[in-house]
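This report concerns only the one structure given below.
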Amino acid sequence: MTPDLRRRRALWQILLFAAGLLVLTVISAGSVYLVNKARDDNASVIHTIEVENQIHTLLLEIRRAESSASGFLLTRGPEFWTDHQAAVAGVPPHLNRLVELTKDNPAQAESVRKLRPAVETRLDQFTREMNYIEQSDFARASALVREAAAGDTTSTIRDAADAMLREEQRLFTLRSANANNSQTLAASLTGIGSGLVVVLALISIWLVRRSAAIRDEAEARLRDANLNLETTVDERTADLREANNEIQRFAYIVSHDLRSPLVNIMGFTSELEELGNDIFRRIGSLTHVPADGPPLAMNDAAASALEEPDKQLSQDFSEALGFIKSSIGKMDRLISAILNLTREGRREFEPVRIDTGELIETIVATVAHQAAEAQAEIRVGELPDIVSDRLALEQIFSNLIDNAIKYLKAGVPGEIVLRGRTKLGYAIFEISDNGRGIDPKDHQRIFDLFRRAGLQDKPGQGIGLAHVRALVRRLGGTMSVSSELNVGSTFTITLPIKWNASNRDRNQ
Amino acid sequence: MTQPVTIIMIEDDEGHARLIERNIRRSGVNNEIVPFANGTDATRYLFGADGNGLAHKGNALLILLDLNLPDMTGIDILRRIKENKYLKASPVVVLTTTDDSQEIKRCYELGCNVYITKPVNYENFANAIRQLGLFFSVIQIPAAAT
C-alpha cells in the first residue's frame, strides 16, 4: 500500500465519520424543531376546539335564559326564575372568556365585538321581561318576548356566532392539516436520517472490511517475504560455507600435492650436488695425475687441487644448486604456512573466560629477551576480560607484539603500549608502538597473505597479519590499523566480550 | 633380513620411488624391491586375479605404501591387506607426504605398523629412509599365513 493511498483512505474514513455526525445532528435538530412545531399545531387545534366550545356554551346559556324566562312567564314558578337568574348570571363570564380566547385573531375579535352589544341588548330585554312579569304586566312581557323573537338581536347573535363557528371550523381544518404535516415531516425526517446513518454505517463497514482485507493480504505477503528472505539467507550462508570449505579443502589438497614434486626436486638436487662433487673431484684427480705415478685418490685434496677454470666451473655449479635449494626451501615454507593456515581454519574454537591481562603478561614474558635486545619497553594498561578462544587470542596478541618489537626504529628506544576498553558489548584492544610505521598505501596490503611492506630487512613470510585478521574475523571481531611512516603504528582489535561458537563457527 | 623378504613398494611418484630405493640400498638392504606406480597393479599383484591373496601364501612381504595414489587411496589398500587372512601379518609402512593427524590416526587404527611423513628437506628424507632401511635389516617378518 503506498502512503498516498493510505492517506486517501484515512481521509475517506474521517469524511464518512463527519458526514455521519452531520446527519445525526441535522436529524436531531430537525426532530426537535418538528416536534415543537407539532406541539404548537396541536395546541392551536385544541385552542380552536375550546373557542368553538365557548361559543356553544354562550349560546346555550342565552337559550337557557330564554326558555326559563318563557317558562316563568307561563307558570310563574319560582324554579324558572332561579334557573333564569343562574343562566343570565352565567352569560357575561362566558362572553368574557370568549373575548379572552379570541383576542389573538382579529377576525374573531371583530365578530365578538359585534356579538357583545347584541348579547347585552338581549340581557337587557331579559331584565325588562322579568320586571314586567314580576309586576304581573303579562301583556307587555309577552309583547317583549314576541319583539325579541322577531327583532334582529337574536339573529345578530346567531349570525355572529355562526360566523365565529365557521371561522373556527376553517381554522380547525387548517390547523389539523398543519399538525398532520408536521408529524408526517418529523416521521419522514427521522426515517430518512436513520436510512442515511444506516447507509453511512454500511459504507464504513465496507471500507473497514476492505482495508482489513488489504492489511491481511499485506501481512501474508510480508510473512512470505520474510520466509523467502530467511530461506535465501540460509541458502546463501550454506553456499558461502560450502565455498569456504571448498577453498579450505582446495588449499589443503594443493599444498599437499605441491609437496610431492618438491620432495623430488629437493631430493634430486641433493643427488645432483653429490654427483657434482664426485665429478669435480674426479676431474681434479685426473688433471693432477703425475706423469709417472698412479692417479691421486679421489678425495677433498683432489677437489682443492682443481685448476683455475675448473674451480670456476665448480663454484658456478655450486652457486646454481644453492639458489635452487634456497628457493625450494622458501617454497616449502610457504606451503607449510598455507597448510598451517588451513589447519588453523579447520580447528574448532572453544569459548572460555579469559583473564586478558594475565594472557598478555605471559606473552610479554616470552618475548622479554627480544624486547630487551631491541631496547623496547612494553607497558600493559587495564584490559577487559572476555569470553573467547584462548589459543586464537594468544596467537593474535603474540603476533602483534612480535611485529611491534620486530619493526621498531633502529637506534630509538622502543615503546609498546597495550590498552583496552569496552563499548556496547565489544572489547577494544589497542597495540601502539613508536616504530617505523607503515605507509598509508600499504595499510590494506599488510593484511594480505604473503605480502609485506616497507624495508625488507627482517625475516618473515608475510603471514602473521593475514593470520591474525582471519582469527579476529572468526571470533566475530574486526581489526584495523592507523599508522604514519616513521612515527609508529596502532593496531586496533574489536572483539565481542561474550563470543559463542554458534554465531560464526557452526560448521567449521 | 635373513629371510628372502620381498619389499613391495606402492608409490605413484617415480622420483620418490627412485629416491626411496636408492636410500634403502645405501643402508645396505639388498632384498628384492617390487615397485608399483598405481593401486590397481599393486592390488592385482598382492591379491591375485581372484582377489583372495592365495598367491602369496607362505611368502614374507614388507609393504611400503603411499596414501595418495592416482586410482585409489592407500587407506583402501591398507584395509584390504589387514583384512586378508594371508597378508594381514605382513608389516605395512605408510610413507607419504600427508601429515594430517586424522589420517595418521586412521592408518594406525586400520593396522598400519609404521607411519612416516616424507620430509621435503632431502637430508631428513634420506636420513629417514636409511634408518627405515636399517630397521628393515633387523626386523623379523613372518611368512604369510599358510
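Please note that chains go A, B, ... in the order of the C-alpha cells, that every chain numbers its residues from 1, and that ligands are numbered from 1 in the order shown.
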
Worksheet item: So which residues touch Asp99 in chain B within 12 Å, counting only C-alpha atoms, skipping near sequence neighbours fewer than 6 positions away, as a ChimeraX atom specification?
Response: /A:252-253,255-256,259,336,339-340,343 /B:67-68,105-107,115-120

Would you put the residues from that selection into a file with C-alpha atoms, as a PDB file, in the first residue's frame?
```
ATOM      1  CA  TYR A 252      44.887 -28.274   1.766  1.00  0.00           C
ATOM      2  CA  ILE A 253      44.988 -30.590  -1.259  1.00  0.00           C
ATOM      3  CA  SER A 255      49.602 -27.656  -0.674  1.00  0.00           C
ATOM      4  CA  HIS A 256      49.864 -31.388  -0.192  1.00  0.00           C
ATOM      5  CA  ARG A 259      54.859 -31.032  -1.677  1.00  0.00           C
ATOM      6  CA  SER A 336      53.814 -25.224   5.180  1.00  0.00           C
ATOM      7  CA  LEU A 339      48.900 -25.835   5.381  1.00  0.00           C
ATOM      8  CA  ASN A 340      49.080 -24.349   8.856  1.00  0.00           C
ATOM      9  CA  ARG A 343      44.634 -26.360   9.566  1.00  0.00           C
TER      10      ARG A 343
ATOM     11  CA  LEU B  67      48.475 -42.863   0.575  1.00  0.00           C
ATOM     12  CA  ASN B  68      47.968 -40.546  -2.388  1.00  0.00           C
ATOM     13  CA  LYS B 105      45.336 -41.958  13.491  1.00  0.00           C
ATOM     14  CA  ARG B 106      43.141 -43.700  10.952  1.00  0.00           C
ATOM     15  CA  CYS B 107      46.064 -45.602   9.459  1.00  0.00           C
ATOM     16  CA  TYR B 115      53.727 -44.201   9.606  1.00  0.00           C
ATOM     17  CA  ILE B 116      56.401 -41.913   8.187  1.00  0.00           C
ATOM     18  CA  THR B 117      55.890 -38.446   6.721  1.00  0.00           C
ATOM     19  CA  LYS B 118      58.206 -37.680   3.827  1.00  0.00           C
ATOM     20  CA  PRO B 119      60.230 -34.594   4.766  1.00  0.00           C
ATOM     21  CA  VAL B 120      60.811 -32.090   1.987  1.00  0.00           C
TER      22      VAL B 120
END
```

Discussion item. Select, as a count of residues only, those residues of chain B with any atom no more than 10 Å from chain A (distances computed using only C-alpha atoms).
Written reply: 22

Worksheet entry | Residue contacts of Asp66 in chain B (7 Å, only C-alpha atoms) excluding same-chain residues fewer than 4 positions away, as a list in words |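 In the requested format, the answer is Ile10, Glu11, Gly74, Val94, Leu95 and Thr96 of chain B.
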
Item to complete: Write out as JSON, numbers by chain each polymer residue whose atoms come within 9 Å of Met72 in chain B, counting only C-alpha atoms; drop sequence neighbours fewer than 3 positions from it.
Response: {"B": [38, 39, 40, 67, 68, 69, 75, 76, 77]}

Kindly save the residues from that selection, with N, CA and C atoms included, as an mmCIF file, in the first residue's frame.
```cif
data_model
loop_
_atom_site.group_PDB
_atom_site.id
_atom_site.type_symbol
_atom_site.label_atom_id
_atom_site.label_comp_id
_atom_site.auth_asym_id
_atom_site.auth_seq_id
_atom_site.Cartn_x
_atom_site.Cartn_y
_atom_site.Cartn_z
ATOM 1 N N ASN B 38 50.780 -47.660 -9.366
ATOM 2 C CA ASN B 38 49.360 -47.355 -9.103
ATOM 3 C C ASN B 38 48.722 -48.471 -8.285
ATOM 4 N N GLY B 39 47.569 -48.168 -7.717
ATOM 5 C CA GLY B 39 46.893 -49.085 -6.813
ATOM 6 C C GLY B 39 46.368 -50.324 -7.493
ATOM 7 N N THR B 40 45.915 -50.184 -8.726
ATOM 8 C CA THR B 40 45.314 -51.313 -9.427
ATOM 9 C C THR B 40 46.321 -52.443 -9.631
ATOM 10 N N LEU B 67 49.941 -43.013 0.447
ATOM 11 C CA LEU B 67 48.475 -42.863 0.575
ATOM 12 C C LEU B 67 47.832 -42.217 -0.645
ATOM 13 N N ASN B 68 48.572 -41.282 -1.269
ATOM 14 C CA ASN B 68 47.968 -40.546 -2.388
ATOM 15 C C ASN B 68 48.294 -41.234 -3.711
ATOM 16 N N LEU B 69 47.375 -42.091 -4.142
ATOM 17 C CA LEU B 69 47.585 -42.809 -5.406
ATOM 18 C C LEU B 69 46.584 -42.290 -6.428
ATOM 19 N N ILE B 75 44.728 -45.949 1.860
ATOM 20 C CA ILE B 75 43.979 -46.442 3.009
ATOM 21 C C ILE B 75 43.138 -47.663 2.637
ATOM 22 N N ASP B 76 42.563 -47.603 1.417
ATOM 23 C CA ASP B 76 41.767 -48.765 0.963
ATOM 24 C C ASP B 76 42.646 -50.009 0.840
ATOM 25 N N ILE B 77 43.860 -49.804 0.284
ATOM 26 C CA ILE B 77 44.772 -50.941 0.133
ATOM 27 C C ILE B 77 45.163 -51.489 1.507
#
```

Discussion item. For a quick check of understanding, using only C-alpha atoms, which of A:Phe138, A:Phe172, A:Phe17, A:Phe80 has the smallest distance to Glu50 in chain A?
Written reply: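 Between A:Phe138, A:Phe172, A:Phe17, A:Phe80, the residue approaching Glu50 in chain A most closely is A:Phe172.
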
Practice prompt. Pick out the residues sitting within 12 Å of range 210-222 of chain A, and hand them over as a list in words; count only C-alpha atoms, and ignore anything fewer than 3 positions along from it in its own chain.
Written response: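 Here the qualifying residues turn out to be Met1, Thr2, Leu5, Arg6, Arg8, Arg9, Ala10, Trp12, Gln13, Ile203, Ser204, Ile205, Trp206, Leu207, Ala225, Asn226, Leu227, Asn228 and Leu229 of chain A.
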
Enumerate the residues of range 36-102 of chain B with a DSSP assignment of helix (DSSP H, G or I), computed from the backbone, and present them as a CSV table (one decimal) with C-alpha atoms, in the first residue's frame.
```csv
chain,number,residue,atom,x,y,z
B,39,GLY,CA,46.9,-49.1,-6.8
B,40,THR,CA,45.3,-51.3,-9.4
B,41,ASP,CA,48.5,-53.1,-10.4
B,42,ALA,CA,49.6,-53.3,-6.8
B,43,THR,CA,46.3,-54.9,-5.6
B,44,ARG,CA,46.3,-57.3,-8.6
B,45,TYR,CA,49.8,-58.4,-7.6
B,46,LEU,CA,49.0,-58.6,-3.9
B,47,PHE,CA,45.7,-60.4,-4.0
B,54,LEU,CA,46.4,-67.0,-2.0
B,55,ALA,CA,49.2,-66.3,-4.5
B,56,HIS,CA,51.5,-65.1,-1.6
B,74,GLY,CA,46.4,-46.1,0.1
B,75,ILE,CA,44.0,-46.4,3.0
B,76,ASP,CA,41.8,-48.8,1.0
B,77,ILE,CA,44.8,-50.9,0.1
B,78,LEU,CA,45.8,-50.9,3.8
B,79,ARG,CA,42.3,-52.0,4.9
B,80,ARG,CA,42.3,-54.8,2.3
B,81,ILE,CA,45.7,-56.1,3.4
B,82,LYS,CA,44.8,-56.1,7.0
B,83,GLU,CA,41.5,-57.9,6.3
B,101,SER,CA,46.8,-36.1,12.4
B,102,GLN,CA,43.4,-37.6,11.5
```

Worksheet item: From the list A:Leu189, A:Ile428, A:Leu449, A:Val51, which residue is nearest Ser480 in chain A when using only C-alpha atoms?
Response: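 Counting only C-alpha atoms, the residue closest to Ser480 in chain A is A:Ile428.
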